[in-house]
Amino acid sequence: MPRNTNTRILKDNLILCEGRDEQEFLIKYLNSSALSDIAGFSNDFQVIDFGGNSELIQKLAILKNMDNFENVKSLMIIRDAETNAAAACHELQLALQKTDYPVPEKPHCWKGQAPKVGFILFPTCDHLVQNGTLEDLCLSILADPSASDTLDGINTFLKQLEIRRQKPFGKIFKTKLHTYFSVQDEYVSLKIGEAAAAGAFDWNNAALYPLKSFLQEVL
């Protein structure tokens, strides 16, 4: 599945995501061994980076004018819940409403036909939303069996560092994940998509089941 797919519709099922990290993560997941027994995951989905959340409305409008849009069967949007999951849901629903797409009543729910439209939020990817980000999900699906011990040490270190500098980390979720990468020889300096390709994540982790089940509904 090629990465630079933002300017053409190539597949029947589209996933719009927030940023390159999410795009790379989803592409690696769709092509992972955990989903290899279901051909549609790698063959029938196209992952498109819509940029920042403020750009979503523009991207949804542009999609309707792109070649092959009439062949799109499903459109899923995924973004971080960040610090207010309820507000994130409302923003997604408002973006769909303003661009005349079907508007699902809640996350993890499809609405309409040709295309069916749905949305979910990281980190839960479920109808039970909670505040957080892709990085929070990544921290929960690390493949290393000793990851929890490493994360305990990282949490202690970061708390002590916050006290010393008398200032909290602005994006603690990113700090935790990339600190974890930095203390693992095979993941030093890697971005999320690169770490995914290097085997950092357990694609069979139960935390990914809601994402898998939601996508399966349109295959």
# chains A, B, ... in the order shown; residues from 1 in each chain; ligands from 1

call {"tool": "residues_around", "arguments": {"residues": "His108 (chain A)", "least_positions_apart": "2", "cutoff": "10 Å", "atoms": "only C-alpha atoms", "output": "PDB file with C-alpha atoms, in the first residue's frame"}}
result
ATOM      1  CA  MET A  76     -13.789   6.147   8.134  1.00  0.00           C
ATOM      2  CA  PRO A 104     -23.055   8.802  12.784  1.00  0.00           C
ATOM      3  CA  GLU A 105     -24.689   9.282  16.172  1.00  0.00           C
ATOM      4  CA  LYS A 106     -21.609   8.009  18.012  1.00  0.00           C
ATOM      5  CA  TRP A 110     -21.562   3.340  10.505  1.00  0.00           C
ATOM      6  CA  GLY A 118     -17.998   6.213  10.487  1.00  0.00           C
ATOM      7  CA  PHE A 119     -15.468   7.615  12.901  1.00  0.00           C
ATOM      8  CA  ILE A 120     -13.421   6.458  15.873  1.00  0.00           C
ATOM      9  CA  LEU A 121     -10.970   8.050  18.267  1.00  0.00           C
ATOM     10  CA  CYS A 125     -10.980   2.958  18.793  1.00  0.00           C
ATOM     11  CA  ASP A 126     -14.314   1.994  20.356  1.00  0.00           C
ATOM     12  CA  HIS A 127     -17.696   3.487  21.211  1.00  0.00           C
ATOM     13  CA  LEU A 128     -16.393   3.882  24.767  1.00  0.00           C
ATOM     14  CA  VAL A 129     -14.186   6.904  24.206  1.00  0.00           C
ATOM     15  CA  PRO A 210     -12.242  -2.605  18.241  1.00  0.00           C
ATOM     16  CA  LEU A 211     -10.399  -1.153  15.256  1.00  0.00           C
ATOM     17  CA  SER A 213     -13.973  -5.258  14.119  1.00  0.00           C
ATOM     18  CA  PHE A 214     -15.088  -1.820  12.917  1.00  0.00           C
ATOM     19  CA  LEU A 215     -13.183  -2.149   9.658  1.00  0.00           C
TER      20      LEU A 215
END

call {"tool": "select_by_dssp", "arguments": {"residues": "region 58-148 of chain A", "states": "helix (DSSP H, G or I)", "output": "mmCIF file with C-alpha atoms, in the first residue's frame"}}
result
data_model
loop_
_atom_site.group_PDB
_atom_site.id
_atom_site.type_symbol
_atom_site.label_atom_id
_atom_site.label_comp_id
_atom_site.auth_asym_id
_atom_site.auth_seq_id
_atom_site.Cartn_x
_atom_site.Cartn_y
_atom_site.Cartn_z
ATOM 1 C CA GLN A 58 -11.540 21.103 3.537
ATOM 2 C CA LYS A 59 -10.326 17.543 2.909
ATOM 3 C CA LEU A 60 -13.860 16.120 3.103
ATOM 4 C CA ALA A 61 -15.054 18.682 0.572
ATOM 5 C CA ILE A 62 -12.145 17.966 -1.779
ATOM 6 C CA LEU A 63 -12.803 14.218 -1.652
ATOM 7 C CA PHE A 69 -15.331 9.111 -5.378
ATOM 8 C CA GLU A 70 -18.522 7.624 -6.803
ATOM 9 C CA ASN A 71 -16.991 4.167 -6.255
ATOM 10 C CA ALA A 85 -13.052 13.054 23.843
ATOM 11 C CA ALA A 86 -16.596 14.429 23.808
ATOM 12 C CA ALA A 87 -15.453 17.604 22.055
ATOM 13 C CA ALA A 88 -13.465 15.556 19.519
ATOM 14 C CA CYS A 89 -16.591 13.532 18.672
ATOM 15 C CA HIS A 90 -18.614 16.716 18.254
ATOM 16 C CA GLU A 91 -15.970 18.256 15.978
ATOM 17 C CA LEU A 92 -16.003 15.192 13.728
ATOM 18 C CA GLN A 93 -19.793 15.153 13.533
ATOM 19 C CA LEU A 94 -19.848 18.868 12.755
ATOM 20 C CA ALA A 95 -17.266 18.460 9.981
ATOM 21 C CA LEU A 96 -19.376 15.705 8.377
ATOM 22 C CA GLN A 97 -22.550 17.750 8.721
ATOM 23 C CA LYS A 98 -20.979 20.831 7.122
ATOM 24 C CA LEU A 134 -2.299 7.337 19.256
ATOM 25 C CA GLU A 135 0.785 7.398 21.472
ATOM 26 C CA ASP A 136 -1.303 6.162 24.409
ATOM 27 C CA LEU A 137 -2.511 3.259 22.293
ATOM 28 C CA CYS A 138 1.062 2.517 21.198
ATOM 29 C CA LEU A 139 2.204 2.395 24.820
ATOM 30 C CA SER A 140 -0.480 -0.220 25.534
ATOM 31 C CA ALA A 147 7.833 -3.186 28.434
ATOM 32 C CA SER A 148 5.746 -2.560 31.557
#

call {"tool": "residues_around", "arguments": {"residues": "region 4-21 of chain A", "least_positions_apart": "5", "cutoff": "7 Å", "atoms": "only C-alpha atoms", "output": "ChimeraX atom specification"}}
result
/A:44-53,66-69,71-79,192-193

call {"tool": "write_last_selection", "arguments": {"atoms": "N, CA, C and O atoms", "output": "CSV table (one decimal), in the first residue's frame"}}
result
chain,number,residue,atom,x,y,z
A,44,ASP,N,-8.0,-3.6,0.2
A,44,ASP,CA,-9.2,-2.8,-0.1
A,44,ASP,C,-9.3,-1.4,0.7
A,44,ASP,O,-10.2,-0.7,0.4
A,45,PHE,N,-8.3,-1.1,1.5
A,45,PHE,CA,-8.4,0.1,2.3
A,45,PHE,C,-7.2,1.0,1.8
A,45,PHE,O,-6.1,0.6,1.6
A,46,GLN,N,-7.6,2.3,1.7
A,46,GLN,CA,-6.6,3.3,1.4
A,46,GLN,C,-6.5,4.3,2.6
A,46,GLN,O,-7.6,4.8,3.0
A,47,VAL,N,-5.4,4.6,3.1
A,47,VAL,CA,-5.2,5.5,4.2
A,47,VAL,C,-4.7,6.8,3.8
A,47,VAL,O,-3.7,7.0,3.1
A,48,ILE,N,-5.5,7.9,4.1
A,48,ILE,CA,-5.2,9.2,3.6
A,48,ILE,C,-5.0,10.1,4.8
A,48,ILE,O,-5.8,10.2,5.7
A,49,ASP,N,-3.9,10.9,4.8
A,49,ASP,CA,-3.6,11.8,5.9
A,49,ASP,C,-4.3,13.1,5.5
A,49,ASP,O,-4.1,13.8,4.5
A,50,PHE,N,-5.3,13.6,6.4
A,50,PHE,CA,-6.0,14.8,6.2
A,50,PHE,C,-5.3,16.0,6.8
A,50,PHE,O,-5.8,17.1,6.7
A,51,GLY,N,-4.2,15.8,7.5
A,51,GLY,CA,-3.4,16.9,8.1
A,51,GLY,C,-3.9,17.1,9.5
A,51,GLY,O,-4.2,16.2,10.2
A,52,GLY,N,-4.0,18.4,9.9
A,52,GLY,CA,-4.4,18.8,11.2
A,52,GLY,C,-5.9,18.8,11.3
A,52,GLY,O,-6.6,18.8,10.2
A,53,ASN,N,-6.5,18.8,12.5
A,53,ASN,CA,-7.9,18.7,12.6
A,53,ASN,C,-8.6,19.9,12.0
A,53,ASN,O,-9.8,19.8,11.5
A,66,MET,N,-13.0,14.4,-6.3
A,66,MET,CA,-11.9,13.6,-6.8
A,66,MET,C,-12.4,12.5,-7.7
A,66,MET,O,-13.5,12.0,-7.4
A,67,ASP,N,-11.7,12.1,-8.7
A,67,ASP,CA,-12.0,11.0,-9.5
A,67,ASP,C,-12.2,9.7,-8.7
A,67,ASP,O,-11.5,9.5,-7.7
A,68,ASN,N,-13.2,8.9,-9.0
A,68,ASN,CA,-13.5,7.7,-8.4
A,68,ASN,C,-14.2,7.8,-7.0
A,68,ASN,O,-14.5,6.8,-6.4
A,69,PHE,N,-14.6,9.0,-6.6
A,69,PHE,CA,-15.3,9.1,-5.4
A,69,PHE,C,-16.7,8.4,-5.5
A,69,PHE,O,-17.1,7.8,-4.5
A,71,ASN,N,-17.2,5.6,-6.5
A,71,ASN,CA,-17.0,4.2,-6.3
A,71,ASN,C,-16.7,3.9,-4.8
A,71,ASN,O,-16.5,2.7,-4.4
A,72,VAL,N,-16.5,4.9,-4.0
A,72,VAL,CA,-16.2,4.7,-2.6
A,72,VAL,C,-17.3,4.0,-1.8
A,72,VAL,O,-18.5,4.5,-1.8
A,73,LYS,N,-17.1,2.9,-1.1
A,73,LYS,CA,-18.1,2.2,-0.4
A,73,LYS,C,-18.1,2.7,1.1
A,73,LYS,O,-19.2,2.6,1.7
A,74,SER,N,-17.0,3.0,1.6
A,74,SER,CA,-16.9,3.4,3.0
A,74,SER,C,-15.9,4.5,3.3
A,74,SER,O,-14.9,4.6,2.6
A,75,LEU,N,-16.2,5.3,4.3
A,75,LEU,CA,-15.2,6.4,4.6
A,75,LEU,C,-15.2,6.4,6.2
A,75,LEU,O,-16.2,6.7,6.8
A,76,MET,N,-14.0,6.1,6.7
A,76,MET,CA,-13.8,6.1,8.1
A,76,MET,C,-12.8,7.3,8.5
A,76,MET,O,-11.8,7.4,7.8
A,77,ILE,N,-13.1,8.0,9.5
A,77,ILE,CA,-12.3,9.1,10.0
A,77,ILE,C,-11.8,8.7,11.4
A,77,ILE,O,-12.5,8.2,12.2
A,78,ILE,N,-10.5,8.9,11.6
A,78,ILE,CA,-9.9,8.6,12.9
A,78,ILE,C,-8.9,9.7,13.3
A,78,ILE,O,-8.2,10.2,12.5
A,79,ARG,N,-9.0,10.1,14.6
A,79,ARG,CA,-8.2,11.1,15.1
A,79,ARG,C,-8.0,10.9,16.6
A,79,ARG,O,-8.6,10.0,17.2
A,192,ILE,N,6.9,6.8,14.8
A,192,ILE,CA,6.0,5.7,15.1
A,192,ILE,C,5.9,4.7,14.0
A,192,ILE,O,5.9,3.5,14.2
A,193,GLY,N,5.7,5.1,12.8
A,193,GLY,CA,5.6,4.2,11.6
A,193,GLY,C,6.9,3.4,11.5
A,193,GLY,O,6.8,2.2,11.1

call {"tool": "closest_residue", "arguments": {"among": "A:Glu82, A:Glu217, A:Glu194, A:Glu162", "to": "Gly40 (chain A)", "atoms": "only C-alpha atoms"}}
result
A:Glu217

call {"tool": "closest_residue", "arguments": {"among": "A:Phe25, A:Trp203, A:Phe122, A:Tyr180", "to": "Asp152 (chain A)", "atoms": "only C-alpha atoms"}}
result
A:Tyr180

call {"tool": "closest_residue", "arguments": {"among": "A:Asn43, A:Ile141, A:Asp100, A:Cys109", "to": "Tyr209 (chain A)", "atoms": "only C-alpha atoms"}}
result
A:Ile141

call {"tool": "select_by_dssp", "arguments": {"residues": "chain A", "states": "strand (DSSP E or B)", "output": "list of chain:residue names"}}
result
A:Asn13, A:Leu14, A:Ile15, A:Leu16, A:Cys17, A:Phe45, A:Gln46, A:Val47, A:Ile48, A:Asp49, A:Ser74, A:Leu75, A:Met76, A:Ile77, A:Ile78, A:Arg79, A:Asp80, A:Glu82, A:Lys111, A:Lys116, A:Val117, A:Gly118, A:Phe119, A:Ile120, A:Leu121, A:Phe122, A:Gly132, A:Leu142, A:Phe201

call {"tool": "write_last_selection", "arguments": {"atoms": "N, CA, C and O atoms", "output": "compact mmCIF listing (two decimals), in the first residue's frame"}}
result
# COMPACT_ATOMS: atom_id res chain seq x y z
N ASN A 13 -12.50 1.62 -0.06
CA ASN A 13 -12.71 1.96 1.35
C ASN A 13 -11.62 2.90 1.81
O ASN A 13 -10.42 2.58 1.71
N LEU A 14 -12.01 4.07 2.28
CA LEU A 14 -11.05 5.09 2.65
C LEU A 14 -10.98 5.27 4.17
O LEU A 14 -12.00 5.20 4.86
N ILE A 15 -9.77 5.51 4.66
CA ILE A 15 -9.53 5.87 6.05
C ILE A 15 -8.84 7.22 6.06
O ILE A 15 -7.74 7.37 5.54
N LEU A 16 -9.50 8.22 6.62
CA LEU A 16 -8.90 9.54 6.78
C LEU A 16 -8.34 9.64 8.19
O LEU A 16 -9.06 9.38 9.16
N CYS A 17 -7.07 10.00 8.31
CA CYS A 17 -6.45 10.06 9.63
C CYS A 17 -5.70 11.37 9.81
O CYS A 17 -5.38 12.07 8.85
N PHE A 45 -8.34 -1.15 1.55
CA PHE A 45 -8.35 0.11 2.29
C PHE A 45 -7.23 1.04 1.83
O PHE A 45 -6.11 0.61 1.62
N GLN A 46 -7.56 2.30 1.72
CA GLN A 46 -6.58 3.34 1.42
C GLN A 46 -6.55 4.32 2.59
O GLN A 46 -7.59 4.82 3.02
N VAL A 47 -5.35 4.58 3.10
CA VAL A 47 -5.19 5.48 4.24
C VAL A 47 -4.74 6.85 3.75
O VAL A 47 -3.70 6.97 3.09
N ILE A 48 -5.51 7.87 4.07
CA ILE A 48 -5.23 9.23 3.62
C ILE A 48 -5.01 10.14 4.82
O ILE A 48 -5.82 10.17 5.75
N ASP A 49 -3.91 10.88 4.80
CA ASP A 49 -3.60 11.85 5.86
C ASP A 49 -4.34 13.15 5.55
O ASP A 49 -4.07 13.79 4.53
N SER A 74 -16.96 3.01 1.63
CA SER A 74 -16.94 3.42 3.03
C SER A 74 -15.88 4.50 3.26
O SER A 74 -14.86 4.56 2.56
N LEU A 75 -16.16 5.33 4.25
CA LEU A 75 -15.23 6.40 4.63
C LEU A 75 -15.17 6.41 6.16
O LEU A 75 -16.16 6.69 6.83
N MET A 76 -13.99 6.11 6.69
CA MET A 76 -13.79 6.15 8.13
C MET A 76 -12.82 7.26 8.48
O MET A 76 -11.81 7.44 7.80
N ILE A 77 -13.14 8.02 9.53
CA ILE A 77 -12.25 9.07 10.01
C ILE A 77 -11.75 8.68 11.39
O ILE A 77 -12.53 8.21 12.23
N ILE A 78 -10.46 8.86 11.61
CA ILE A 78 -9.88 8.56 12.91
C ILE A 78 -8.93 9.67 13.30
O ILE A 78 -8.16 10.16 12.49
N ARG A 79 -9.03 10.09 14.57
CA ARG A 79 -8.16 11.14 15.11
C ARG A 79 -7.97 10.91 16.59
O ARG A 79 -8.61 10.04 17.19
N ASP A 80 -7.10 11.68 17.19
CA ASP A 80 -6.89 11.59 18.63
C ASP A 80 -8.06 12.21 19.38
O ASP A 80 -8.61 13.24 18.97
N GLU A 82 -7.48 13.39 22.32
CA GLU A 82 -6.74 14.44 23.02
C GLU A 82 -7.28 14.63 24.44
O GLU A 82 -7.53 13.65 25.13
N LYS A 111 -22.93 4.93 9.28
CA LYS A 111 -24.17 5.61 8.90
C LYS A 111 -24.17 5.85 7.39
O LYS A 111 -23.17 6.24 6.80
N LYS A 116 -20.74 4.49 3.17
CA LYS A 116 -20.97 4.41 4.61
C LYS A 116 -19.94 5.29 5.29
O LYS A 116 -18.79 5.35 4.86
N VAL A 117 -20.35 5.96 6.35
CA VAL A 117 -19.43 6.86 7.05
C VAL A 117 -19.38 6.50 8.53
O VAL A 117 -20.41 6.23 9.15
N GLY A 118 -18.18 6.47 9.07
CA GLY A 118 -18.00 6.21 10.49
C GLY A 118 -16.76 6.92 11.00
O GLY A 118 -15.92 7.37 10.23
N PHE A 119 -16.67 7.03 12.31
CA PHE A 119 -15.47 7.61 12.90
C PHE A 119 -15.15 6.94 14.23
O PHE A 119 -16.04 6.41 14.90
N ILE A 120 -13.88 6.95 14.58
CA ILE A 120 -13.42 6.46 15.87
C ILE A 120 -12.29 7.35 16.37
O ILE A 120 -11.74 8.15 15.61
N LEU A 121 -11.99 7.21 17.65
CA LEU A 121 -10.97 8.05 18.27
C LEU A 121 -9.88 7.18 18.89
O LEU A 121 -10.17 6.16 19.52
N PHE A 122 -8.62 7.58 18.68
CA PHE A 122 -7.55 7.02 19.49
C PHE A 122 -7.64 7.62 20.89
O PHE A 122 -8.00 8.79 21.02
N GLY A 132 -7.05 10.90 25.19
CA GLY A 132 -5.78 10.28 24.86
C GLY A 132 -5.45 10.41 23.39
O GLY A 132 -6.13 11.10 22.62
N LEU A 142 2.84 -2.43 23.18
CA LEU A 142 4.25 -2.71 22.95
C LEU A 142 4.51 -4.21 22.97
O LEU A 142 3.96 -4.94 23.79
N PHE A 201 5.42 -3.08 18.00
CA PHE A 201 4.05 -3.26 18.49
C PHE A 201 3.53 -4.68 18.27
O PHE A 201 3.87 -5.34 17.30

call {"tool": "atom_distance", "arguments": {"atom1": "CA of Leu177 (chain A)", "atom2": "CA of Ser36 (chain A)"}}
result
26.9 Å

call {"tool": "closest_residue", "arguments": {"among": "A:Leu151, A:Ala143, A:Ala196, A:Ala207", "to": "Glu24 (chain A)", "atoms": "only C-alpha atoms"}}
result
A:Ala196

call {"tool": "atom_distance", "arguments": {"atom1": "CA of Pro145 (chain A)", "atom2": "CA of Asn205 (chain A)"}}
result
12.0 Å
